[in-house]
Structures are given as structure tokens and as C-alpha cells.
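Engineer: Contents of final-v5.cif (mmCIF, C-alpha atoms and all ligand atoms):
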```cif
data_coords
#
loop_
_atom_site.group_PDB
_atom_site.id
_atom_site.type_symbol
_atom_site.label_atom_id
_atom_site.label_comp_id
_atom_site.auth_asym_id
_atom_site.auth_seq_id
_atom_site.Cartn_x
_atom_site.Cartn_y
_atom_site.Cartn_z
ATOM 1 C CA MET A 26 -7.726 14.755 4.506
ATOM 2 C CA ASN A 27 -10.067 14.334 1.540
ATOM 3 C CA SER A 28 -7.964 15.279 -1.474
ATOM 4 C CA VAL A 29 -4.511 14.919 -2.952
ATOM 5 C CA LYS A 30 -4.615 18.368 -4.531
ATOM 6 C CA ASP A 31 -1.826 20.666 -3.307
ATOM 7 C CA ARG A 32 -0.765 17.991 -0.784
ATOM 8 C CA VAL A 33 2.599 16.383 -0.145
ATOM 9 C CA ALA A 34 2.527 12.588 -0.515
ATOM 10 C CA LEU A 35 4.974 9.712 -0.105
ATOM 11 C CA VAL A 36 4.786 6.338 -1.861
ATOM 12 C CA THR A 37 6.896 3.271 -1.011
ATOM 13 C CA GLY A 38 7.865 0.912 -3.837
ATOM 14 C CA ALA A 39 7.424 3.858 -6.198
ATOM 15 C CA ASN A 40 9.806 2.762 -8.958
ATOM 16 C CA ARG A 41 7.502 0.307 -10.775
ATOM 17 C CA GLY A 42 4.069 -1.328 -10.864
ATOM 18 C CA ILE A 43 1.225 0.060 -8.785
ATOM 19 C CA GLY A 44 3.537 2.384 -6.810
ATOM 20 C CA LYS A 45 4.736 4.165 -9.938
ATOM 21 C CA SER A 46 1.146 4.519 -11.125
ATOM 22 C CA ILE A 47 0.160 6.049 -7.768
ATOM 23 C CA VAL A 48 2.949 8.651 -8.076
ATOM 24 C CA GLU A 49 1.888 9.520 -11.637
ATOM 25 C CA GLU A 50 -1.834 9.765 -10.866
ATOM 26 C CA PHE A 51 -1.294 11.794 -7.663
ATOM 27 C CA LEU A 52 0.789 14.276 -9.679
ATOM 28 C CA ARG A 53 -1.842 14.350 -12.426
ATOM 29 C CA VAL A 54 -4.594 15.272 -9.950
ATOM 30 C CA GLY A 55 -2.498 18.063 -8.437
ATOM 31 C CA ALA A 56 -0.256 16.767 -5.648
ATOM 32 C CA ARG A 57 2.293 19.478 -4.852
ATOM 33 C CA LYS A 58 5.148 17.011 -4.339
ATOM 34 C CA VAL A 59 5.548 13.242 -4.092
ATOM 35 C CA TYR A 60 8.372 11.567 -2.210
ATOM 36 C CA ALA A 61 9.155 8.403 -4.157
ATOM 37 C CA GLY A 62 10.607 5.627 -1.990
ATOM 38 C CA ALA A 63 12.645 2.810 -3.519
ATOM 39 C CA ARG A 64 15.364 0.322 -2.577
ATOM 40 C CA ASP A 65 17.454 1.585 -5.494
ATOM 41 C CA VAL A 66 17.074 5.335 -5.990
ATOM 42 C CA LYS A 67 18.523 5.064 -9.533
ATOM 43 C CA SER A 68 15.383 3.130 -10.483
ATOM 44 C CA LEU A 69 13.438 6.374 -9.871
ATOM 45 C CA ASP A 70 15.270 8.242 -12.655
ATOM 46 C CA PRO A 71 12.417 7.891 -15.202
ATOM 47 C CA LEU A 72 9.929 9.459 -12.754
ATOM 48 C CA VAL A 73 12.319 12.307 -11.922
ATOM 49 C CA SER A 74 13.039 12.905 -15.629
ATOM 50 C CA ALA A 75 9.324 13.073 -16.380
ATOM 51 C CA HIS A 76 8.239 15.262 -13.441
ATOM 52 C CA GLY A 77 11.289 17.220 -12.268
ATOM 53 C CA ASP A 78 11.391 18.422 -8.677
ATOM 54 C CA ARG A 79 7.773 17.455 -7.966
ATOM 55 C CA VAL A 80 9.238 13.950 -7.448
ATOM 56 C CA VAL A 81 11.758 13.610 -4.618
ATOM 57 C CA PRO A 82 13.611 10.264 -4.567
ATOM 58 C CA LEU A 83 14.124 8.613 -1.192
ATOM 59 C CA LEU A 84 16.015 5.472 -0.279
ATOM 60 C CA MET A 85 13.447 3.246 1.464
ATOM 61 C CA ASP A 86 13.922 -0.465 2.013
ATOM 62 C CA LEU A 87 11.110 -1.776 4.191
ATOM 63 C CA ASN A 88 13.472 -4.430 5.568
ATOM 64 C CA ARG A 89 15.969 -1.797 6.715
ATOM 65 C CA PRO A 90 14.453 0.327 9.500
ATOM 66 C CA GLU A 91 17.346 2.812 9.337
ATOM 67 C CA THR A 92 16.318 3.770 5.777
ATOM 68 C CA ILE A 93 12.741 4.362 6.937
ATOM 69 C CA ALA A 94 13.922 6.512 9.855
ATOM 70 C CA ALA A 95 16.154 8.566 7.532
ATOM 71 C CA ALA A 96 13.300 8.987 5.034
ATOM 72 C CA ALA A 97 10.993 10.190 7.817
ATOM 73 C CA GLU A 98 13.569 12.809 8.822
ATOM 74 C CA ASN A 99 13.773 14.070 5.227
ATOM 75 C CA ALA A 100 10.051 13.955 4.454
ATOM 76 C CA ASP A 101 8.862 15.892 7.500
ATOM 77 C CA ASP A 102 6.266 17.822 5.456
ATOM 78 C CA VAL A 103 4.421 14.716 4.229
ATOM 79 C CA GLU A 104 0.622 14.606 4.607
ATOM 80 C CA ILE A 105 -0.360 11.385 2.776
ATOM 81 C CA VAL A 106 1.754 8.238 3.136
ATOM 82 C CA VAL A 107 1.011 5.322 0.797
ATOM 83 C CA ASN A 108 2.676 2.095 1.893
ATOM 84 C CA ASN A 109 2.606 0.249 -1.411
ATOM 85 C CA ALA A 110 5.850 -1.801 -1.431
ATOM 86 C CA GLY A 111 5.251 -5.509 -1.122
ATOM 87 C CA MET A 112 6.409 -8.929 -2.275
ATOM 88 C CA LEU A 113 4.797 -12.167 -3.384
ATOM 89 C CA ASN A 114 6.242 -15.670 -3.351
ATOM 90 C CA VAL A 115 4.478 -18.349 -5.354
ATOM 91 C CA GLU A 116 4.302 -21.053 -2.683
ATOM 92 C CA ARG A 117 1.633 -23.566 -1.714
ATOM 93 C CA PRO A 118 1.197 -24.293 2.024
ATOM 94 C CA LEU A 119 2.788 -27.773 1.908
ATOM 95 C CA SER A 120 5.818 -26.792 -0.182
ATOM 96 C CA ALA A 121 9.265 -27.188 1.386
ATOM 97 C CA ASN A 122 9.907 -23.436 1.107
ATOM 98 C CA ALA A 123 6.569 -22.298 2.487
ATOM 99 C CA ILE A 124 7.809 -21.267 5.925
ATOM 100 C CA SER A 125 10.825 -19.291 4.717
ATOM 101 C CA ALA A 126 8.603 -17.726 2.024
ATOM 102 C CA LEU A 127 6.117 -16.577 4.645
ATOM 103 C CA GLN A 128 8.902 -15.246 6.873
ATOM 104 C CA ALA A 129 10.201 -13.076 4.020
ATOM 105 C CA GLU A 130 6.692 -11.863 3.147
ATOM 106 C CA MET A 131 5.877 -11.068 6.768
ATOM 107 C CA ASP A 132 9.047 -8.984 6.979
ATOM 108 C CA VAL A 133 8.140 -6.765 4.004
ATOM 109 C CA ASN A 134 4.336 -6.912 3.920
ATOM 110 C CA VAL A 135 3.578 -6.781 7.648
ATOM 111 C CA TYR A 136 6.616 -5.602 9.635
ATOM 112 C CA GLY A 137 7.308 -3.144 6.807
ATOM 113 C CA LEU A 138 3.862 -1.617 7.312
ATOM 114 C CA MET A 139 4.462 -1.421 11.068
ATOM 115 C CA ARG A 140 7.868 0.210 10.563
ATOM 116 C CA VAL A 141 6.397 2.794 8.178
ATOM 117 C CA ALA A 142 3.432 3.493 10.475
ATOM 118 C CA GLN A 143 5.666 3.902 13.535
ATOM 119 C CA ALA A 144 8.041 6.254 11.718
ATOM 120 C CA PHE A 145 5.427 8.401 9.993
ATOM 121 C CA ALA A 146 2.507 8.580 12.471
ATOM 122 C CA PRO A 147 4.135 11.438 14.460
ATOM 123 C CA ILE A 148 4.875 13.354 11.241
ATOM 124 C CA LEU A 149 1.312 12.968 9.946
ATOM 125 C CA LYS A 150 0.062 14.150 13.337
ATOM 126 C CA SER A 151 2.275 17.230 13.331
ATOM 127 C CA ASN A 152 1.136 18.047 9.772
ATOM 128 C CA GLY A 153 -2.537 18.137 10.749
ATOM 129 C CA GLY A 154 -3.540 14.458 10.618
ATOM 130 C CA GLY A 155 -3.371 13.469 6.981
ATOM 131 C CA ALA A 156 -3.767 9.895 5.787
ATOM 132 C CA LEU A 157 -1.963 6.565 5.790
ATOM 133 C CA VAL A 158 -2.902 4.310 2.866
ATOM 134 C CA GLN A 159 -1.980 0.609 2.974
ATOM 135 C CA LEU A 160 -1.877 -1.686 -0.064
ATOM 136 C CA ASN A 161 -3.566 -4.869 1.095
ATOM 137 C CA SER A 162 -5.235 -7.287 -1.347
ATOM 138 C CA VAL A 163 -8.271 -9.427 -2.097
ATOM 139 C CA ALA A 164 -5.920 -12.082 -0.672
ATOM 140 C CA SER A 165 -6.414 -10.342 2.708
ATOM 141 C CA MET A 166 -9.975 -11.739 2.696
ATOM 142 C CA LYS A 167 -9.530 -14.959 0.715
ATOM 143 C CA SER A 168 -6.542 -17.274 0.675
ATOM 144 C CA PHE A 169 -5.351 -18.459 -2.749
ATOM 145 C CA ALA A 170 -3.585 -21.845 -2.497
ATOM 146 C CA GLY A 171 -1.074 -21.027 -5.260
ATOM 147 C CA PHE A 172 0.271 -18.135 -3.172
ATOM 148 C CA ALA A 173 -0.835 -19.197 0.269
ATOM 149 C CA THR A 174 1.988 -17.555 2.193
ATOM 150 C CA TYR A 175 1.443 -14.213 0.450
ATOM 151 C CA SER A 176 -2.272 -14.482 1.301
ATOM 152 C CA ALA A 177 -1.405 -15.099 4.963
ATOM 153 C CA SER A 178 0.873 -12.047 5.036
ATOM 154 C CA LYS A 179 -1.811 -9.874 3.428
ATOM 155 C CA ALA A 180 -4.402 -11.120 5.960
ATOM 156 C CA ALA A 181 -1.962 -10.086 8.701
ATOM 157 C CA SER A 182 -1.315 -6.661 7.155
ATOM 158 C CA TYR A 183 -5.099 -6.138 6.885
ATOM 159 C CA SER A 184 -5.436 -6.957 10.580
ATOM 160 C CA ILE A 185 -2.729 -4.431 11.516
ATOM 161 C CA THR A 186 -4.383 -1.914 9.159
ATOM 162 C CA GLN A 187 -7.638 -2.234 11.112
ATOM 163 C CA SER A 188 -5.922 -1.552 14.430
ATOM 164 C CA LEU A 189 -4.000 1.352 12.912
ATOM 165 C CA ARG A 190 -7.351 2.800 11.795
ATOM 166 C CA ASP A 191 -8.543 2.947 15.400
ATOM 167 C CA VAL A 192 -5.274 4.233 16.844
ATOM 168 C CA LEU A 193 -4.622 6.850 14.165
ATOM 169 C CA LYS A 194 -8.182 8.170 14.398
ATOM 170 C CA GLU A 195 -7.233 9.512 17.848
ATOM 171 C CA GLN A 196 -4.685 11.859 16.250
ATOM 172 C CA GLY A 197 -6.906 12.815 13.290
ATOM 173 C CA THR A 198 -5.118 10.615 10.742
ATOM 174 C CA ARG A 199 -7.283 8.677 8.273
ATOM 175 C CA MET A 200 -6.383 5.073 7.456
ATOM 176 C CA LEU A 201 -7.297 3.506 4.097
ATOM 177 C CA SER A 202 -7.156 -0.227 3.358
ATOM 178 C CA VAL A 203 -6.788 -0.927 -0.376
ATOM 179 C CA HIS A 204 -7.733 -4.393 -1.672
ATOM 180 C CA PRO A 205 -6.889 -4.854 -5.351
ATOM 181 C CA GLY A 206 -7.533 -8.048 -7.312
ATOM 182 C CA PRO A 207 -5.139 -8.928 -10.179
ATOM 183 C CA ILE A 208 -3.447 -5.753 -11.477
ATOM 184 C CA ALA A 209 -1.116 -5.773 -14.503
ATOM 185 C CA THR A 210 2.355 -5.564 -12.935
ATOM 186 C CA ASP A 211 5.409 -7.795 -12.562
ATOM 187 C CA MET A 212 3.809 -9.266 -9.439
ATOM 188 C CA ALA A 213 0.642 -10.395 -11.236
ATOM 189 C CA GLN A 214 2.771 -11.840 -14.013
ATOM 190 C CA SER A 215 4.868 -13.846 -11.541
ATOM 191 C CA ALA A 216 1.645 -15.223 -10.030
ATOM 192 C CA GLY A 217 0.360 -16.236 -13.501
ATOM 193 C CA LEU A 218 -2.475 -13.709 -13.367
ATOM 194 C CA ASP A 219 -1.577 -11.512 -16.344
ATOM 195 C CA GLU A 220 -4.502 -12.688 -18.483
ATOM 196 C CA ILE A 221 -7.113 -11.452 -16.018
ATOM 197 C CA ALA A 222 -5.137 -8.477 -14.681
ATOM 198 C CA GLU A 223 -6.543 -4.940 -14.992
ATOM 199 C CA PRO A 224 -4.667 -1.610 -15.420
ATOM 200 C CA ALA A 225 -2.638 -0.257 -12.484
ATOM 201 C CA VAL A 226 -4.186 3.223 -12.745
ATOM 202 C CA LEU A 227 -7.448 1.819 -11.308
ATOM 203 C CA VAL A 228 -5.697 1.656 -7.920
ATOM 204 C CA PRO A 229 -4.719 5.346 -7.520
ATOM 205 C CA GLN A 230 -8.063 6.384 -9.034
ATOM 206 C CA ALA A 231 -9.845 4.357 -6.328
ATOM 207 C CA ILE A 232 -7.590 5.830 -3.611
ATOM 208 C CA VAL A 233 -8.371 9.371 -4.763
ATOM 209 C CA ALA A 234 -12.108 8.554 -4.794
ATOM 210 C CA ALA A 235 -11.929 7.005 -1.309
ATOM 211 C CA LEU A 236 -10.117 10.047 0.094
ATOM 212 C CA ALA A 237 -13.020 12.143 -1.209
ATOM 213 C CA SER A 238 -15.794 9.811 0.001
ATOM 214 C CA GLY A 239 -14.338 8.998 3.431
ATOM 215 C CA ALA A 240 -14.230 5.226 2.777
ATOM 216 C CA PHE A 241 -11.882 2.967 4.750
ATOM 217 C CA HIS A 242 -12.038 -0.096 2.470
ATOM 218 C CA VAL A 243 -11.018 0.497 -1.158
ATOM 219 C CA PHE A 244 -11.905 -2.008 -3.922
ATOM 220 C CA PRO A 245 -10.407 -0.811 -7.239
ATOM 221 C CA ASP A 246 -11.004 -3.476 -9.948
ATOM 222 C CA SER A 247 -13.565 -6.074 -11.099
ATOM 223 C CA MET A 248 -12.537 -8.959 -8.809
ATOM 224 C CA ALA A 249 -12.167 -6.557 -5.877
ATOM 225 C CA LYS A 250 -15.666 -5.179 -6.496
ATOM 226 C CA GLN A 251 -17.079 -8.729 -6.672
ATOM 227 C CA ILE A 252 -15.579 -9.481 -3.253
ATOM 228 C CA ALA A 253 -16.735 -6.106 -1.920
ATOM 229 C CA GLU A 254 -20.331 -6.881 -2.831
ATOM 230 C CA ALA A 255 -20.345 -10.023 -0.692
ATOM 231 C CA TYR A 256 -18.164 -8.501 2.040
ATOM 232 C CA GLN A 257 -19.938 -5.158 2.489
ATOM 233 C CA SER A 258 -22.159 -6.121 5.406
ATOM 234 C CA PHE A 259 -19.279 -7.679 7.384
ATOM 235 C CA ALA A 260 -17.082 -4.675 6.600
ATOM 236 C CA THR A 261 -19.657 -2.176 7.840
ATOM 237 C CA ASN A 262 -21.151 -4.070 10.765
ATOM 238 C CA ILE A 263 -18.050 -5.795 12.119
ATOM 239 C CA VAL A 264 -14.738 -4.428 10.802
ATOM 240 C CA GLU A 265 -15.725 -0.758 10.834
ATOM 241 C CA ALA A 266 -18.015 -1.003 13.884
ATOM 242 C CA ASP A 267 -16.922 -0.284 17.446
ATOM 243 C CA LEU A 268 -17.780 -3.601 19.121
ATOM 244 C CA MET A 269 -16.220 -2.501 22.420
ATOM 245 C CA GLU A 270 -18.834 0.236 22.926
ATOM 246 C CA ALA A 271 -20.918 -0.176 26.079
HETATM 247 N N1 LIG B 301 -0.381 -6.635 -8.792
HETATM 248 C C1 LIG B 301 -1.397 -7.172 -8.158
HETATM 249 O O1 LIG B 301 -2.152 -7.979 -8.729
HETATM 250 C C2 LIG B 301 -1.697 -6.811 -6.720
HETATM 251 C C3 LIG B 301 -2.949 -7.180 -6.207
HETATM 252 C C4 LIG B 301 -3.249 -6.876 -4.880
HETATM 253 C C5 LIG B 301 -2.339 -6.193 -4.096
HETATM 254 N N2 LIG B 301 -1.115 -5.848 -4.634
HETATM 255 C C6 LIG B 301 -0.181 -5.138 -3.746
HETATM 256 O O2 LIG B 301 0.151 -3.897 -4.327
HETATM 257 C C7 LIG B 301 1.489 -3.524 -3.958
HETATM 258 C C8 LIG B 301 2.306 -3.238 -5.218
HETATM 259 O O3 LIG B 301 2.305 -4.408 -6.007
HETATM 260 P P1 LIG B 301 2.850 -4.460 -7.517
HETATM 261 O O4 LIG B 301 1.929 -5.360 -8.246
HETATM 262 O O5 LIG B 301 3.106 -3.100 -8.012
HETATM 263 O O6 LIG B 301 4.212 -5.253 -7.243
HETATM 264 P P2 LIG B 301 5.583 -5.281 -8.086
HETATM 265 O O7 LIG B 301 5.306 -4.941 -9.494
HETATM 266 O O8 LIG B 301 6.185 -6.603 -7.766
HETATM 267 O O9 LIG B 301 6.417 -4.111 -7.383
HETATM 268 C C9 LIG B 301 6.742 -4.265 -6.022
HETATM 269 C C10 LIG B 301 7.330 -2.970 -5.520
HETATM 270 O O10 LIG B 301 7.621 -3.139 -4.123
HETATM 271 C C11 LIG B 301 9.013 -2.875 -3.945
HETATM 272 N N3 LIG B 301 9.595 -3.645 -2.863
HETATM 273 C C12 LIG B 301 9.643 -4.988 -2.708
HETATM 274 N N4 LIG B 301 10.282 -5.302 -1.571
HETATM 275 C C13 LIG B 301 10.659 -4.127 -0.995
HETATM 276 C C14 LIG B 301 11.333 -3.777 0.191
HETATM 277 N N5 LIG B 301 11.846 -4.674 1.033
HETATM 278 N N6 LIG B 301 11.508 -2.455 0.467
HETATM 279 C C15 LIG B 301 11.050 -1.501 -0.369
HETATM 280 N N7 LIG B 301 10.425 -1.775 -1.524
HETATM 281 C C16 LIG B 301 10.217 -3.081 -1.811
HETATM 282 C C17 LIG B 301 9.657 -3.221 -5.281
HETATM 283 O O11 LIG B 301 10.941 -2.621 -5.368
HETATM 284 P P3 LIG B 301 12.133 -3.280 -6.308
HETATM 285 O O12 LIG B 301 11.900 -2.753 -7.690
HETATM 286 O O13 LIG B 301 13.381 -2.769 -5.652
HETATM 287 O O14 LIG B 301 11.983 -4.769 -6.224
HETATM 288 C C18 LIG B 301 8.637 -2.610 -6.228
HETATM 289 O O15 LIG B 301 8.764 -1.220 -6.284
HETATM 290 C C19 LIG B 301 2.020 -4.693 -3.135
HETATM 291 O O16 LIG B 301 1.867 -4.407 -1.754
HETATM 292 C C20 LIG B 301 1.139 -5.851 -3.543
HETATM 293 O O17 LIG B 301 1.093 -6.838 -2.562
HETATM 294 C C21 LIG B 301 -0.783 -6.139 -5.920
#
```
Mind turning the file's structure into C-alpha cells?
Ligand SMILES: NC(=O)c1ccc[n+]([C@@H]2O[C@H](COP(=O)([O-])OP(=O)(O)OC[C@H]3O[C@@H](n4cnc5c(N)ncnc54)[C@H](OP(=O)(O)O)[C@@H]3O)[C@@H](O)[C@H]2O)c1

Structural biologist:
Amino acid sequence: MNSVKDRVALVTGANRGIGKSIVEEFLRVGARKVYAGARDVKSLDPLVSAHGDRVVPLLMDLNRPETIAAAAENADDVEIVVNNAGMLNVERPLSANAISALQAEMDVNVYGLMRVAQAFAPILKSNGGGALVQLNSVASMKSFAGFATYSASKAASYSITQSLRDVLKEQGTRMLSVHPGPIATDMAQSAGLDEIAEPAVLVPQAIVAALASGAFHVFPDSMAKQIAEAYQSFATNIVEADLMEA
């Protein structure tokens, strides 16, 4: 799977922010159809109005496994799944709410990924392999004290992403791990990052480029590229290496 052109994709959290931008850019570069997942399908109306039947709304709440199972039954022709939906709580590690904040973030950001992967891996396999793309973060590599629990959840989702890469390779499915820095969405605003945030379209552009190049790690924006420069050797020689080889 090296291109979005003429392919059928699915994006979770597609109604706003980075997810909406992924839907729009995938359509722009020639995706045949994009399933748009959201907790409230009415919130997808603007995308459907703009793109007609190339956008297919799907109820998908990452906290409700039955909605993911139903979506997988409907979207049985999907070839590229982008698990974008996520949440961020602004909590420092010693705050009274830190544990409940992390529990909620683990549910969406980590167990949500696992639910999506478990539901869609067999479909991707039966459609020739395809790709599973996970929205991780620069916070997967570096913890930020102002949103410490979010950082912990994104480190955990990155860890699961790495194991999914190995497991999905066996069935010919590519795994991509996307690590944006601050991107101009509601989430960045809630974290107080709007002044340094960069445009959302950088994320789908980097995903499209990584599908073409074969990259596993995807670093879309300035802060992400700064981290990538320092991280590259570890990424290549440890994360992407097979250390269990005899
Ligand atoms: N913005 C950044 O600076 C940044 C940087 C690095 C990584 N990321 C990651 O990129 C992804 C998208 O972020 P964003 O900035 O676009 O966030 P956002 O503007 O806050 O949008 C979050 C999206 O996720 C959906 N969502 C939240 N909980 C959900 C659940 N339980 N089930 C299904 N959908 C759910 C939201 O749906 P509702 O509209 O129903 O709430 C919304 O569509 C996230 O995984 C985030 O962690 C963002």
C-alpha cells in the first residue's frame, strides 16, 4: 500500500481537527471513498455536503466497542484505516485528577487503538493488506508536564503501535506511526499551544508522503522534525530493528 489514489480509507474522529483535514486531503489526492467515523454522525454533515457520496458517515465511538464492530461490518471494503480520534486532558502528574484523567485517556487513546486494530486487521488482510495509520504524538517520545497524563497515554499508544507493526507485517499490512507537534486544532488550543501550532494539512500531507516512501515513523511539522533529527538513530537501530534475530 503506497498510495491513497483510488483507495478506500476510513478515518476516526473525522468531524473536526486533524481527522477532518485527513478526510479532505485524502479526497483531494484521489481516494475513491472515505468512511468518516464520528461519535455524532450529524457532525459529519459539512463533509458530506462538500463531497457527496465519496464521504460515508459512520458512527464510531472508540469507547463503545459495539460501534467499532458495526463500523467494521459496514466498511468491509476499507484498505487504509487512520485511527485519529484522541483526547487530551490538561493535568500535571501531582494533580488530584491525574489518575482519572489518565484512565480516560488510556480508554480512548490506547484501548481505542487496540479496539480499532482488532476489528479492522482481518478486513485489511482480506482486502490485500493495506495500511493502519495511528495518530501518536511528539508526546509519545517526550513527556510534557502540563499534560503529563496525555503524554503517558501517547507513549503507551506508540508502544502498541510498534507491536502492531510487527504483527501486521505478517499479513502484509503496513503500520504507520504519526508524531505531530502542536497542530492548530481545538486540542492544541485547550493545551495553550495555539501560538506555536502549525496547519492541520501538514499531517495528511506527511501521511501521504510516508505511504509513498515506505516510512514507519511520520514527523509532519517543525517541532516533530526537530525531535526526528535527534531520534532518527534510535528509531532506525532500535525501534525499527529486529533485536530478536539470532
Ligand atoms: N493538535 C495537536 O497538536 C496534536 C498533536 C499531536 C497529536 N495529536 C493527535 O491527533 C489526533 C487528532 O487530534 P486533534 O488535534 O484533531 O484533536 P481535536 O481537535 O480535539 O479532535 C479530536 C477528535 O477525536 C474525536 N474523539 C474524541 N474522543 C473520541 C471517542 N471516544 N470516540 C471517537 N472519537 C473521539 C473527537 O470527536 P468529538 O467531536 O465527538 O469530540 C474529534 O473528532 C489525536 O489523536 C491527538 O492526540 C494532536

Engineer: For ligand LIG 301 (chain B), return the neighbouring residues as a ChimeraX atom specification (distance at most 6 Å; only C-alpha atoms and all ligand atoms).

Structural biologist: /A:38-44,63-65,85-88,109-112,133,160-162,205-213

Engineer: A:Ser182, A:Thr174, A:Gln159, A:Asn114: which is nearest Arg199 of chain A, counting all atoms listed in the file?

Structural biologist: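 The closest residue to Arg199 of chain A is A:Gln159.
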
Engineer: Pick the closest to Arg190 of chain A from A:Ile232, A:Leu69, A:Ala129, A:Val264: which is it, counting only C-alpha atoms?

Structural biologist: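 Checking each candidate against Arg190 of chain A, we get A:Val264 as the closest.
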
Engineer: If we count only C-alpha atoms, what is near Val203 of chain A at a cut-off of 12 Å, once residues fewer than 6 positions away on the same chain are taken out, given as a compact mmCIF listing (two decimals) with C-alpha atoms, in the coordinates of the input?

Structural biologist:
```txt
# COMPACT_ATOMS: atom_id res chain seq x y z
CA ILE A 43 1.23 0.06 -8.78
CA VAL A 107 1.01 5.32 0.80
CA ASN A 108 2.68 2.10 1.89
CA ASN A 109 2.61 0.25 -1.41
CA LEU A 157 -1.96 6.56 5.79
CA VAL A 158 -2.90 4.31 2.87
CA GLN A 159 -1.98 0.61 2.97
CA LEU A 160 -1.88 -1.69 -0.06
CA ASN A 161 -3.57 -4.87 1.10
CA SER A 162 -5.24 -7.29 -1.35
CA VAL A 163 -8.27 -9.43 -2.10
CA ALA A 164 -5.92 -12.08 -0.67
CA SER A 165 -6.41 -10.34 2.71
CA MET A 166 -9.98 -11.74 2.70
CA LYS A 179 -1.81 -9.87 3.43
CA SER A 182 -1.32 -6.66 7.16
CA TYR A 183 -5.10 -6.14 6.88
CA THR A 186 -4.38 -1.91 9.16
CA GLN A 187 -7.64 -2.23 11.11
CA LEU A 227 -7.45 1.82 -11.31
CA VAL A 228 -5.70 1.66 -7.92
CA PRO A 229 -4.72 5.35 -7.52
CA GLN A 230 -8.06 6.38 -9.03
CA ALA A 231 -9.85 4.36 -6.33
CA ILE A 232 -7.59 5.83 -3.61
CA VAL A 233 -8.37 9.37 -4.76
CA ALA A 234 -12.11 8.55 -4.79
CA ALA A 235 -11.93 7.00 -1.31
CA LEU A 236 -10.12 10.05 0.09
CA ALA A 240 -14.23 5.23 2.78
CA PHE A 241 -11.88 2.97 4.75
CA HIS A 242 -12.04 -0.10 2.47
CA VAL A 243 -11.02 0.50 -1.16
CA PHE A 244 -11.90 -2.01 -3.92
CA PRO A 245 -10.41 -0.81 -7.24
CA ASP A 246 -11.00 -3.48 -9.95
CA ALA A 249 -12.17 -6.56 -5.88
CA LYS A 250 -15.67 -5.18 -6.50
CA ALA A 253 -16.74 -6.11 -1.92
```

Engineer: Segment 57-64 of chain A, all listed atoms, 3 Å padding on each side: what axis-aligned box centre and edge lengths in Å to one decimal come out, as lines of an AutoDock Vina configuration file?

Structural biologist:
```
center_x = 8.8
center_y = 9.9
center_z = -3.4
size_x = 19.1
size_y = 25.2
size_z = 8.9
```

Engineer: Using all atoms listed in the file, determine which residues lie at most 12 Å from Leu35 of chain A, disregarding the query and same-chain residues fewer than 4 positions distant; provide the list as a PDB file with C-alpha atoms, in the coordinates of the input.

Structural biologist:
```pdb
ATOM      1  CA  VAL A  29      -4.511  14.919  -2.952  1.00  0.00           C
ATOM      2  CA  ALA A  39       7.424   3.858  -6.198  1.00  0.00           C
ATOM      3  CA  GLY A  44       3.537   2.384  -6.810  1.00  0.00           C
ATOM      4  CA  LYS A  45       4.736   4.165  -9.938  1.00  0.00           C
ATOM      5  CA  ILE A  47       0.160   6.049  -7.768  1.00  0.00           C
ATOM      6  CA  VAL A  48       2.949   8.651  -8.076  1.00  0.00           C
ATOM      7  CA  GLU A  49       1.888   9.520 -11.637  1.00  0.00           C
ATOM      8  CA  PHE A  51      -1.294  11.794  -7.663  1.00  0.00           C
ATOM      9  CA  LEU A  52       0.789  14.276  -9.679  1.00  0.00           C
ATOM     10  CA  ALA A  56      -0.256  16.767  -5.648  1.00  0.00           C
ATOM     11  CA  ARG A  57       2.293  19.478  -4.852  1.00  0.00           C
ATOM     12  CA  LYS A  58       5.148  17.011  -4.339  1.00  0.00           C
ATOM     13  CA  VAL A  59       5.548  13.242  -4.092  1.00  0.00           C
ATOM     14  CA  TYR A  60       8.372  11.567  -2.210  1.00  0.00           C
ATOM     15  CA  ALA A  61       9.155   8.403  -4.157  1.00  0.00           C
ATOM     16  CA  GLY A  62      10.607   5.627  -1.990  1.00  0.00           C
ATOM     17  CA  ALA A  63      12.645   2.810  -3.519  1.00  0.00           C
ATOM     18  CA  ARG A  79       7.773  17.455  -7.966  1.00  0.00           C
ATOM     19  CA  VAL A  80       9.238  13.950  -7.448  1.00  0.00           C
ATOM     20  CA  VAL A  81      11.758  13.610  -4.618  1.00  0.00           C
ATOM     21  CA  PRO A  82      13.611  10.264  -4.567  1.00  0.00           C
ATOM     22  CA  LEU A  83      14.124   8.613  -1.192  1.00  0.00           C
ATOM     23  CA  LEU A  84      16.015   5.472  -0.279  1.00  0.00           C
ATOM     24  CA  MET A  85      13.447   3.246   1.464  1.00  0.00           C
ATOM     25  CA  ILE A  93      12.741   4.362   6.937  1.00  0.00           C
ATOM     26  CA  ALA A  96      13.300   8.987   5.034  1.00  0.00           C
ATOM     27  CA  ALA A  97      10.993  10.190   7.817  1.00  0.00           C
ATOM     28  CA  ASN A  99      13.773  14.070   5.227  1.00  0.00           C
ATOM     29  CA  ALA A 100      10.051  13.955   4.454  1.00  0.00           C
ATOM     30  CA  ASP A 101       8.862  15.892   7.500  1.00  0.00           C
ATOM     31  CA  ASP A 102       6.266  17.822   5.456  1.00  0.00           C
ATOM     32  CA  VAL A 103       4.421  14.716   4.229  1.00  0.00           C
ATOM     33  CA  GLU A 104       0.622  14.606   4.607  1.00  0.00           C
ATOM     34  CA  ILE A 105      -0.360  11.385   2.776  1.00  0.00           C
ATOM     35  CA  VAL A 106       1.754   8.238   3.136  1.00  0.00           C
ATOM     36  CA  VAL A 107       1.011   5.322   0.797  1.00  0.00           C
ATOM     37  CA  ASN A 108       2.676   2.095   1.893  1.00  0.00           C
ATOM     38  CA  ASN A 109       2.606   0.249  -1.411  1.00  0.00           C
ATOM     39  CA  ALA A 110       5.850  -1.801  -1.431  1.00  0.00           C
ATOM     40  CA  VAL A 141       6.397   2.794   8.178  1.00  0.00           C
ATOM     41  CA  PHE A 145       5.427   8.401   9.993  1.00  0.00           C
ATOM     42  CA  ILE A 148       4.875  13.354  11.241  1.00  0.00           C
ATOM     43  CA  LEU A 149       1.312  12.968   9.946  1.00  0.00           C
ATOM     44  CA  GLY A 155      -3.371  13.469   6.981  1.00  0.00           C
ATOM     45  CA  ALA A 156      -3.767   9.895   5.787  1.00  0.00           C
ATOM     46  CA  LEU A 157      -1.963   6.565   5.790  1.00  0.00           C
ATOM     47  CA  VAL A 158      -2.902   4.310   2.866  1.00  0.00           C
ATOM     48  CA  GLN A 159      -1.980   0.609   2.974  1.00  0.00           C
TER      49      GLN A 159
END
```

Engineer: Grab the atom CA of Phe169 of chain A to atom CA of Arg117 of chain A distance for me, in Å with one decimal place.

Structural biologist: 8.7 Å
